[in-house]
$ cat protein-v2.cif   # mmCIF, all heavy atoms
data_my_file
#
loop_
_atom_site.label_atom_id
_atom_site.label_comp_id
_atom_site.auth_asym_id
_atom_site.auth_seq_id
_atom_site.Cartn_x
_atom_site.Cartn_y
_atom_site.Cartn_z
N MET A 1 0.86 -1.18 0.00
CA MET A 1 0.00 0.00 0.00
C MET A 1 0.90 1.24 0.00
O MET A 1 1.91 1.28 0.67
CB MET A 1 -0.89 -0.02 1.24
CG MET A 1 -1.77 1.19 1.37
SD MET A 1 -2.83 1.17 2.83
CE MET A 1 -4.07 0.05 2.29
N LYS A 2 0.50 2.20 -0.73
CA LYS A 2 1.25 3.46 -0.77
C LYS A 2 1.11 4.18 0.56
O LYS A 2 0.11 4.04 1.26
CB LYS A 2 0.71 4.36 -1.88
CG LYS A 2 0.78 3.75 -3.25
CD LYS A 2 2.12 3.94 -3.85
CE LYS A 2 2.10 3.44 -5.27
NZ LYS A 2 3.35 3.51 -5.91
N TYR A 3 2.12 4.96 0.92
CA TYR A 3 2.06 5.72 2.17
C TYR A 3 0.90 6.70 2.19
O TYR A 3 0.27 6.91 3.22
CB TYR A 3 3.37 6.45 2.42
CG TYR A 3 4.49 5.53 2.82
CD1 TYR A 3 5.61 5.39 2.02
CD2 TYR A 3 4.42 4.79 3.98
CE1 TYR A 3 6.64 4.55 2.37
CE2 TYR A 3 5.45 3.94 4.36
CZ TYR A 3 6.56 3.83 3.54
OH TYR A 3 7.57 2.99 3.90
N ALA A 4 0.58 7.30 1.06
CA ALA A 4 -0.51 8.27 1.00
C ALA A 4 -1.84 7.61 1.38
O ALA A 4 -2.64 8.21 2.10
CB ALA A 4 -0.62 8.87 -0.39
N LYS A 5 -2.06 6.39 0.94
CA LYS A 5 -3.29 5.67 1.29
C LYS A 5 -3.31 5.36 2.78
O LYS A 5 -4.36 5.47 3.43
CB LYS A 5 -3.38 4.39 0.46
CG LYS A 5 -4.57 3.54 0.78
CD LYS A 5 -5.86 4.19 0.39
CE LYS A 5 -7.00 3.20 0.61
NZ LYS A 5 -8.27 3.84 0.79
N LEU A 6 -2.18 4.99 3.34
CA LEU A 6 -2.10 4.69 4.77
C LEU A 6 -2.34 5.95 5.60
O LEU A 6 -3.02 5.91 6.63
CB LEU A 6 -0.74 4.09 5.09
CG LEU A 6 -0.63 3.19 6.30
CD1 LEU A 6 -1.68 2.10 6.31
CD2 LEU A 6 0.75 2.60 6.41
N ILE A 7 -1.84 7.07 5.14
CA ILE A 7 -2.09 8.35 5.82
C ILE A 7 -3.57 8.69 5.75
O ILE A 7 -4.15 9.17 6.74
CB ILE A 7 -1.21 9.46 5.22
CG1 ILE A 7 0.25 9.21 5.58
CG2 ILE A 7 -1.66 10.84 5.68
CD1 ILE A 7 1.24 10.08 4.84
N ASP A 8 -4.21 8.45 4.62
CA ASP A 8 -5.65 8.68 4.51
C ASP A 8 -6.43 7.81 5.49
O ASP A 8 -7.41 8.25 6.08
CB ASP A 8 -6.13 8.40 3.08
CG ASP A 8 -5.66 9.45 2.09
OD1 ASP A 8 -5.29 10.56 2.52
OD2 ASP A 8 -5.67 9.15 0.89
N GLU A 9 -5.99 6.57 5.67
CA GLU A 9 -6.63 5.67 6.64
C GLU A 9 -6.49 6.23 8.06
O GLU A 9 -7.44 6.19 8.83
CB GLU A 9 -6.02 4.27 6.56
CG GLU A 9 -6.32 3.53 5.29
CD GLU A 9 -7.72 2.98 5.24
OE1 GLU A 9 -8.38 2.85 6.29
OE2 GLU A 9 -8.18 2.66 4.13
N ALA A 10 -5.33 6.74 8.40
CA ALA A 10 -5.11 7.32 9.73
C ALA A 10 -5.95 8.57 9.93
O ALA A 10 -6.51 8.79 11.01
CB ALA A 10 -3.63 7.64 9.93
N ARG A 11 -6.08 9.37 8.90
CA ARG A 11 -6.92 10.58 9.00
C ARG A 11 -8.39 10.21 9.19
O ARG A 11 -9.11 10.86 9.95
CB ARG A 11 -6.75 11.44 7.76
CG ARG A 11 -5.43 12.16 7.74
CD ARG A 11 -5.29 13.05 6.53
NE ARG A 11 -4.03 13.78 6.59
CZ ARG A 11 -3.32 14.12 5.56
NH1 ARG A 11 -3.73 13.82 4.34
NH2 ARG A 11 -2.18 14.77 5.70
N ALA A 12 -8.83 9.16 8.53
CA ALA A 12 -10.22 8.71 8.70
C ALA A 12 -10.42 8.20 10.13
O ALA A 12 -11.47 8.45 10.74
CB ALA A 12 -10.54 7.61 7.69
N ALA A 13 -9.45 7.51 10.67
CA ALA A 13 -9.54 7.01 12.05
C ALA A 13 -9.57 8.17 13.03
O ALA A 13 -10.29 8.12 14.04
CB ALA A 13 -8.37 6.09 12.36
N ARG A 14 -8.81 9.20 12.75
CA ARG A 14 -8.75 10.37 13.64
C ARG A 14 -10.13 11.00 13.83
O ARG A 14 -10.46 11.48 14.91
CB ARG A 14 -7.78 11.40 13.06
CG ARG A 14 -7.66 12.65 13.89
CD ARG A 14 -6.65 13.61 13.32
NE ARG A 14 -7.00 14.02 11.98
CZ ARG A 14 -6.20 14.67 11.17
NH1 ARG A 14 -4.99 14.96 11.54
NH2 ARG A 14 -6.61 15.01 9.97
N GLU A 15 -10.96 10.96 12.81
CA GLU A 15 -12.29 11.55 12.90
C GLU A 15 -13.20 10.80 13.87
O GLU A 15 -14.22 11.32 14.30
CB GLU A 15 -12.93 11.61 11.52
CG GLU A 15 -12.21 12.55 10.57
CD GLU A 15 -12.04 13.95 11.15
OE1 GLU A 15 -13.03 14.51 11.67
OE2 GLU A 15 -10.91 14.47 11.10
N LEU A 16 -12.82 9.58 14.25
CA LEU A 16 -13.62 8.79 15.19
C LEU A 16 -13.16 8.96 16.63
O LEU A 16 -13.75 8.38 17.54
CB LEU A 16 -13.54 7.31 14.80
CG LEU A 16 -14.05 6.98 13.40
CD1 LEU A 16 -13.78 5.52 13.07
CD2 LEU A 16 -15.53 7.29 13.28
N ALA A 17 -12.13 9.77 16.85
CA ALA A 17 -11.60 9.98 18.20
C ALA A 17 -12.62 10.70 19.08
O ALA A 17 -13.39 11.53 18.61
CB ALA A 17 -10.31 10.80 18.14
N TYR A 18 -12.62 10.33 20.36
CA TYR A 18 -13.50 10.95 21.35
C TYR A 18 -12.62 11.75 22.30
O TYR A 18 -11.92 11.17 23.13
CB TYR A 18 -14.29 9.88 22.09
CG TYR A 18 -15.18 10.42 23.17
CD1 TYR A 18 -16.31 11.17 22.85
CD2 TYR A 18 -14.90 10.20 24.51
CE1 TYR A 18 -17.13 11.68 23.83
CE2 TYR A 18 -15.71 10.69 25.50
CZ TYR A 18 -16.83 11.44 25.17
OH TYR A 18 -17.65 11.94 26.15
N THR A 19 -12.62 13.07 22.15
CA THR A 19 -11.69 13.92 22.90
C THR A 19 -12.40 15.13 23.52
O THR A 19 -12.12 16.27 23.16
CB THR A 19 -10.56 14.40 21.99
OG1 THR A 19 -11.16 15.12 20.89
CG2 THR A 19 -9.73 13.27 21.46
N PRO A 20 -13.29 14.90 24.48
CA PRO A 20 -14.04 16.03 25.05
C PRO A 20 -13.19 16.95 25.93
O PRO A 20 -13.56 18.10 26.14
CB PRO A 20 -15.12 15.35 25.88
CG PRO A 20 -14.53 14.04 26.28
CD PRO A 20 -13.69 13.63 25.10
N TYR A 21 -12.06 16.46 26.44
CA TYR A 21 -11.25 17.27 27.35
C TYR A 21 -10.12 18.00 26.64
O TYR A 21 -9.99 19.21 26.76
CB TYR A 21 -10.68 16.39 28.48
CG TYR A 21 -11.76 15.64 29.21
CD1 TYR A 21 -11.89 14.27 29.07
CD2 TYR A 21 -12.68 16.31 30.02
CE1 TYR A 21 -12.89 13.58 29.72
CE2 TYR A 21 -13.69 15.63 30.67
CZ TYR A 21 -13.79 14.26 30.52
OH TYR A 21 -14.80 13.58 31.15
N SER A 22 -9.31 17.29 25.91
CA SER A 22 -8.15 17.91 25.28
C SER A 22 -8.45 18.44 23.88
O SER A 22 -7.74 19.30 23.39
CB SER A 22 -7.00 16.90 25.16
OG SER A 22 -7.34 15.87 24.25
N ASN A 23 -9.46 17.89 23.24
CA ASN A 23 -9.80 18.24 21.86
C ASN A 23 -8.60 17.99 20.93
O ASN A 23 -8.41 18.68 19.95
CB ASN A 23 -10.29 19.67 21.74
CG ASN A 23 -11.05 19.90 20.45
OD1 ASN A 23 -11.67 18.98 19.93
ND2 ASN A 23 -11.00 21.09 19.94
N PHE A 24 -7.78 16.99 21.27
CA PHE A 24 -6.60 16.63 20.48
C PHE A 24 -6.84 15.23 19.91
O PHE A 24 -6.68 14.23 20.60
CB PHE A 24 -5.34 16.66 21.34
CG PHE A 24 -4.08 16.48 20.55
CD1 PHE A 24 -3.54 17.54 19.83
CD2 PHE A 24 -3.44 15.26 20.51
CE1 PHE A 24 -2.38 17.38 19.09
CE2 PHE A 24 -2.28 15.08 19.77
CZ PHE A 24 -1.75 16.15 19.06
N LYS A 25 -7.26 15.18 18.67
CA LYS A 25 -7.61 13.92 18.03
C LYS A 25 -6.38 13.27 17.41
O LYS A 25 -5.58 13.94 16.76
CB LYS A 25 -8.66 14.15 16.96
CG LYS A 25 -9.96 14.67 17.52
CD LYS A 25 -11.00 14.84 16.45
CE LYS A 25 -12.30 15.28 17.09
NZ LYS A 25 -13.40 15.23 16.16
N VAL A 26 -6.25 11.96 17.64
CA VAL A 26 -5.13 11.20 17.11
C VAL A 26 -5.66 9.98 16.38
O VAL A 26 -6.52 9.28 16.90
CB VAL A 26 -4.17 10.75 18.22
CG1 VAL A 26 -3.03 9.91 17.66
CG2 VAL A 26 -3.63 11.94 18.98
N GLY A 27 -5.16 9.74 15.19
CA GLY A 27 -5.52 8.55 14.44
C GLY A 27 -4.27 7.82 14.01
O GLY A 27 -3.21 8.43 13.82
N ALA A 28 -4.38 6.50 13.87
CA ALA A 28 -3.24 5.70 13.46
C ALA A 28 -3.71 4.58 12.55
O ALA A 28 -4.86 4.14 12.64
CB ALA A 28 -2.54 5.11 14.67
N ALA A 29 -2.82 4.14 11.67
CA ALA A 29 -3.13 3.01 10.78
C ALA A 29 -1.86 2.22 10.57
O ALA A 29 -0.77 2.78 10.49
CB ALA A 29 -3.67 3.51 9.45
N ILE A 30 -2.03 0.91 10.49
CA ILE A 30 -0.89 0.02 10.27
C ILE A 30 -1.32 -1.03 9.25
O ILE A 30 -2.46 -1.49 9.26
CB ILE A 30 -0.42 -0.62 11.58
CG1 ILE A 30 0.86 -1.41 11.35
CG2 ILE A 30 -1.50 -1.49 12.20
CD1 ILE A 30 1.54 -1.84 12.63
N GLU A 31 -0.40 -1.36 8.36
CA GLU A 31 -0.66 -2.38 7.35
C GLU A 31 0.14 -3.63 7.67
O GLU A 31 1.34 -3.57 7.91
CB GLU A 31 -0.27 -1.88 5.96
CG GLU A 31 -0.57 -2.89 4.88
CD GLU A 31 -0.13 -2.42 3.50
OE1 GLU A 31 0.60 -1.42 3.42
OE2 GLU A 31 -0.51 -3.07 2.53
N CYS A 32 -0.53 -4.77 7.68
CA CYS A 32 0.12 -6.06 7.93
C CYS A 32 0.73 -6.58 6.63
O CYS A 32 0.41 -6.11 5.55
CB CYS A 32 -0.90 -7.07 8.45
SG CYS A 32 -1.60 -6.60 10.04
N LYS A 33 1.57 -7.57 6.76
CA LYS A 33 2.21 -8.17 5.59
C LYS A 33 1.20 -8.76 4.62
O LYS A 33 1.43 -8.79 3.42
CB LYS A 33 3.20 -9.26 6.01
CG LYS A 33 4.45 -8.72 6.63
CD LYS A 33 5.42 -9.83 6.97
CE LYS A 33 6.69 -9.27 7.57
NZ LYS A 33 7.65 -10.35 7.85
N ASP A 34 0.05 -9.22 5.14
CA ASP A 34 -0.97 -9.81 4.27
C ASP A 34 -1.89 -8.77 3.64
O ASP A 34 -2.83 -9.12 2.95
CB ASP A 34 -1.78 -10.87 5.03
CG ASP A 34 -2.59 -10.29 6.18
OD1 ASP A 34 -2.59 -9.06 6.36
OD2 ASP A 34 -3.22 -11.09 6.90
N GLY A 35 -1.63 -7.48 3.89
CA GLY A 35 -2.40 -6.41 3.26
C GLY A 35 -3.54 -5.86 4.08
O GLY A 35 -4.13 -4.85 3.71
N ARG A 36 -3.85 -6.50 5.22
CA ARG A 36 -4.91 -5.97 6.07
C ARG A 36 -4.45 -4.67 6.71
O ARG A 36 -3.28 -4.51 7.04
CB ARG A 36 -5.30 -6.96 7.16
CG ARG A 36 -5.94 -8.21 6.64
CD ARG A 36 -6.33 -9.14 7.76
NE ARG A 36 -5.10 -9.55 8.46
CZ ARG A 36 -5.08 -10.08 9.67
NH1 ARG A 36 -6.20 -10.30 10.33
NH2 ARG A 36 -3.94 -10.42 10.23
N VAL A 37 -5.39 -3.74 6.88
CA VAL A 37 -5.10 -2.45 7.50
C VAL A 37 -5.94 -2.33 8.77
O VAL A 37 -7.15 -2.57 8.75
CB VAL A 37 -5.42 -1.28 6.55
CG1 VAL A 37 -5.21 0.06 7.24
CG2 VAL A 37 -4.55 -1.37 5.31
N PHE A 38 -5.28 -1.97 9.86
CA PHE A 38 -5.96 -1.76 11.13
C PHE A 38 -5.84 -0.29 11.48
O PHE A 38 -4.78 0.31 11.34
CB PHE A 38 -5.33 -2.62 12.23
CG PHE A 38 -5.57 -4.08 12.04
CD1 PHE A 38 -4.64 -4.86 11.35
CD2 PHE A 38 -6.72 -4.69 12.51
CE1 PHE A 38 -4.83 -6.20 11.16
CE2 PHE A 38 -6.93 -6.04 12.32
CZ PHE A 38 -5.99 -6.81 11.65
N ARG A 39 -6.97 0.28 11.92
CA ARG A 39 -7.00 1.69 12.29
C ARG A 39 -7.33 1.81 13.78
O ARG A 39 -8.00 0.95 14.34
CB ARG A 39 -8.05 2.45 11.50
CG ARG A 39 -7.83 2.40 10.02
CD ARG A 39 -8.76 3.28 9.24
NE ARG A 39 -10.17 3.14 9.59
CZ ARG A 39 -11.15 3.75 8.95
NH1 ARG A 39 -10.88 4.53 7.92
NH2 ARG A 39 -12.39 3.59 9.32
N GLY A 40 -6.89 2.91 14.38
CA GLY A 40 -7.20 3.17 15.78
C GLY A 40 -7.19 4.65 16.05
O GLY A 40 -6.67 5.44 15.26
N CYS A 41 -7.81 5.02 17.17
CA CYS A 41 -7.86 6.43 17.56
C CYS A 41 -7.86 6.52 19.08
O CYS A 41 -8.09 5.54 19.77
CB CYS A 41 -9.09 7.11 16.97
SG CYS A 41 -10.63 6.44 17.56
N ASN A 42 -7.63 7.74 19.59
CA ASN A 42 -7.62 7.92 21.03
C ASN A 42 -9.03 8.15 21.55
O ASN A 42 -9.90 8.68 20.87
CB ASN A 42 -6.68 9.06 21.44
CG ASN A 42 -7.08 10.40 20.91
OD1 ASN A 42 -7.55 10.52 19.79
ND2 ASN A 42 -6.86 11.45 21.70
N VAL A 43 -9.23 7.74 22.81
CA VAL A 43 -10.51 7.90 23.51
C VAL A 43 -10.17 8.37 24.92
O VAL A 43 -9.38 7.74 25.60
CB VAL A 43 -11.29 6.58 23.56
CG1 VAL A 43 -12.57 6.75 24.37
CG2 VAL A 43 -11.62 6.09 22.16
N GLU A 44 -10.78 9.48 25.33
CA GLU A 44 -10.53 10.00 26.67
C GLU A 44 -11.64 9.59 27.60
O GLU A 44 -12.77 9.50 27.25
CB GLU A 44 -10.44 11.52 26.64
CG GLU A 44 -9.28 12.00 25.81
CD GLU A 44 -9.22 13.52 25.69
OE1 GLU A 44 -10.21 14.20 26.03
OE2 GLU A 44 -8.19 14.01 25.24
#
$ encode --input "protein-v2.cif" --output "structure tokens"
Amino acid sequence: MKYAKLIDEARAARELAYTPYSNFKVGAAIECKDGRVFRGCNVE
């Protein structure tokens, strides 16, 4: 997967963050060797 696509995945995950206190949203994405992509975000 291209890095740009992985960055887009992380940005999409960031929109799901729940940050009522800090209002600092963080998203992350990782690609496995088999091509699966996992996304995550912070929750306060």
$ atom_distance --input "protein-v2.cif" --atom1 "atom CE1 of Tyr18 of chain A" --atom2 "atom CG of Asn42 of chain A"
10.5 Å
$ resolve_selection --input "protein-v2.cif" --expression "the PyMOL selection byres (((chain A and resi 39 and name CA) around 10) and name CA)" --output "PyMOL selection string"
chain A and resi 6+9-14+27-31+37-38+40-41
$ atom_distance --input "protein-v2.cif" --atom1 "atom CD2 of Tyr21 of chain A" --atom2 "atom OE1 of Glu44 of chain A"
5.1 Å
$ atom_distance --input "protein-v2.cif" --atom1 "atom CD of Arg36 of chain A" --atom2 "atom C of Lys5 of chain A"
15.6 Å
$ select_by_dssp --input "protein-v2.cif" --residues "chain A" --states "strand (DSSP E)" --output "list in words"
Gly27, Ala28, Ala29, Ile30, Glu31, Val37, Phe38, Arg39, Gly40 and Cys41 of chain A
$ axis_aligned_box --input "protein-v2.cif" --around "segment 13-17 of chain A" --padding-each-side "3 Å" --output "AutoDock Vina command-line options"
--center_x -10.3 --center_y 10.3 --center_z 14.5 --size_x 16.5 --size_y 15.5 --size_z 15.1
$ decode --input "protein-v2.cif" --residues "segment 4-44 of chain A" --atoms "N, CA and C atoms" --output "CSV table (one decimal), in the first residue's frame"
chain,number,residue,atom,x,y,z
A,4,ALA,N,0.6,7.3,1.1
A,4,ALA,CA,-0.5,8.3,1.0
A,4,ALA,C,-1.8,7.6,1.4
A,5,LYS,N,-2.1,6.4,0.9
A,5,LYS,CA,-3.3,5.7,1.3
A,5,LYS,C,-3.3,5.4,2.8
A,6,LEU,N,-2.2,5.0,3.3
A,6,LEU,CA,-2.1,4.7,4.8
A,6,LEU,C,-2.3,6.0,5.6
A,7,ILE,N,-1.8,7.1,5.1
A,7,ILE,CA,-2.1,8.4,5.8
A,7,ILE,C,-3.6,8.7,5.8
A,8,ASP,N,-4.2,8.4,4.6
A,8,ASP,CA,-5.6,8.7,4.5
A,8,ASP,C,-6.4,7.8,5.5
A,9,GLU,N,-6.0,6.6,5.7
A,9,GLU,CA,-6.6,5.7,6.6
A,9,GLU,C,-6.5,6.2,8.1
A,10,ALA,N,-5.3,6.7,8.4
A,10,ALA,CA,-5.1,7.3,9.7
A,10,ALA,C,-6.0,8.6,9.9
A,11,ARG,N,-6.1,9.4,8.9
A,11,ARG,CA,-6.9,10.6,9.0
A,11,ARG,C,-8.4,10.2,9.2
A,12,ALA,N,-8.8,9.2,8.5
A,12,ALA,CA,-10.2,8.7,8.7
A,12,ALA,C,-10.4,8.2,10.1
A,13,ALA,N,-9.4,7.5,10.7
A,13,ALA,CA,-9.5,7.0,12.1
A,13,ALA,C,-9.6,8.2,13.0
A,14,ARG,N,-8.8,9.2,12.8
A,14,ARG,CA,-8.8,10.4,13.6
A,14,ARG,C,-10.1,11.0,13.8
A,15,GLU,N,-11.0,11.0,12.8
A,15,GLU,CA,-12.3,11.5,12.9
A,15,GLU,C,-13.2,10.8,13.9
A,16,LEU,N,-12.8,9.6,14.2
A,16,LEU,CA,-13.6,8.8,15.2
A,16,LEU,C,-13.2,9.0,16.6
A,17,ALA,N,-12.1,9.8,16.9
A,17,ALA,CA,-11.6,10.0,18.2
A,17,ALA,C,-12.6,10.7,19.1
A,18,TYR,N,-12.6,10.3,20.4
A,18,TYR,CA,-13.5,11.0,21.3
A,18,TYR,C,-12.6,11.7,22.3
A,19,THR,N,-12.6,13.1,22.2
A,19,THR,CA,-11.7,13.9,22.9
A,19,THR,C,-12.4,15.1,23.5
A,20,PRO,N,-13.3,14.9,24.5
A,20,PRO,CA,-14.0,16.0,25.1
A,20,PRO,C,-13.2,16.9,25.9
A,21,TYR,N,-12.1,16.5,26.4
A,21,TYR,CA,-11.2,17.3,27.4
A,21,TYR,C,-10.1,18.0,26.6
A,22,SER,N,-9.3,17.3,25.9
A,22,SER,CA,-8.1,17.9,25.3
A,22,SER,C,-8.4,18.4,23.9
A,23,ASN,N,-9.5,17.9,23.2
A,23,ASN,CA,-9.8,18.2,21.9
A,23,ASN,C,-8.6,18.0,20.9
A,24,PHE,N,-7.8,17.0,21.3
A,24,PHE,CA,-6.6,16.6,20.5
A,24,PHE,C,-6.8,15.2,19.9
A,25,LYS,N,-7.3,15.2,18.7
A,25,LYS,CA,-7.6,13.9,18.0
A,25,LYS,C,-6.4,13.3,17.4
A,26,VAL,N,-6.2,12.0,17.6
A,26,VAL,CA,-5.1,11.2,17.1
A,26,VAL,C,-5.7,10.0,16.4
A,27,GLY,N,-5.2,9.7,15.2
A,27,GLY,CA,-5.5,8.5,14.4
A,27,GLY,C,-4.3,7.8,14.0
A,28,ALA,N,-4.4,6.5,13.9
A,28,ALA,CA,-3.2,5.7,13.5
A,28,ALA,C,-3.7,4.6,12.5
A,29,ALA,N,-2.8,4.1,11.7
A,29,ALA,CA,-3.1,3.0,10.8
A,29,ALA,C,-1.9,2.2,10.6
A,30,ILE,N,-2.0,0.9,10.5
A,30,ILE,CA,-0.9,0.0,10.3
A,30,ILE,C,-1.3,-1.0,9.3
A,31,GLU,N,-0.4,-1.4,8.4
A,31,GLU,CA,-0.7,-2.4,7.3
A,31,GLU,C,0.1,-3.6,7.7
A,32,CYS,N,-0.5,-4.8,7.7
A,32,CYS,CA,0.1,-6.1,7.9
A,32,CYS,C,0.7,-6.6,6.6
A,33,LYS,N,1.6,-7.6,6.8
A,33,LYS,CA,2.2,-8.2,5.6
A,33,LYS,C,1.2,-8.8,4.6
A,34,ASP,N,0.1,-9.2,5.1
A,34,ASP,CA,-1.0,-9.8,4.3
A,34,ASP,C,-1.9,-8.8,3.6
A,35,GLY,N,-1.6,-7.5,3.9
A,35,GLY,CA,-2.4,-6.4,3.3
A,35,GLY,C,-3.5,-5.9,4.1
A,36,ARG,N,-3.8,-6.5,5.2
A,36,ARG,CA,-4.9,-6.0,6.1
A,36,ARG,C,-4.4,-4.7,6.7
A,37,VAL,N,-5.4,-3.7,6.9
A,37,VAL,CA,-5.1,-2.5,7.5
A,37,VAL,C,-5.9,-2.3,8.8
A,38,PHE,N,-5.3,-2.0,9.9
A,38,PHE,CA,-6.0,-1.8,11.1
A,38,PHE,C,-5.8,-0.3,11.5
A,39,ARG,N,-7.0,0.3,11.9
A,39,ARG,CA,-7.0,1.7,12.3
A,39,ARG,C,-7.3,1.8,13.8
A,40,GLY,N,-6.9,2.9,14.4
A,40,GLY,CA,-7.2,3.2,15.8
A,40,GLY,C,-7.2,4.7,16.0
A,41,CYS,N,-7.8,5.0,17.2
A,41,CYS,CA,-7.9,6.4,17.6
A,41,CYS,C,-7.9,6.5,19.1
A,42,ASN,N,-7.6,7.7,19.6
A,42,ASN,CA,-7.6,7.9,21.0
A,42,ASN,C,-9.0,8.2,21.6
A,43,VAL,N,-9.2,7.7,22.8
A,43,VAL,CA,-10.5,7.9,23.5
A,43,VAL,C,-10.2,8.4,24.9
A,44,GLU,N,-10.8,9.5,25.3
A,44,GLU,CA,-10.5,10.0,26.7
A,44,GLU,C,-11.6,9.6,27.6
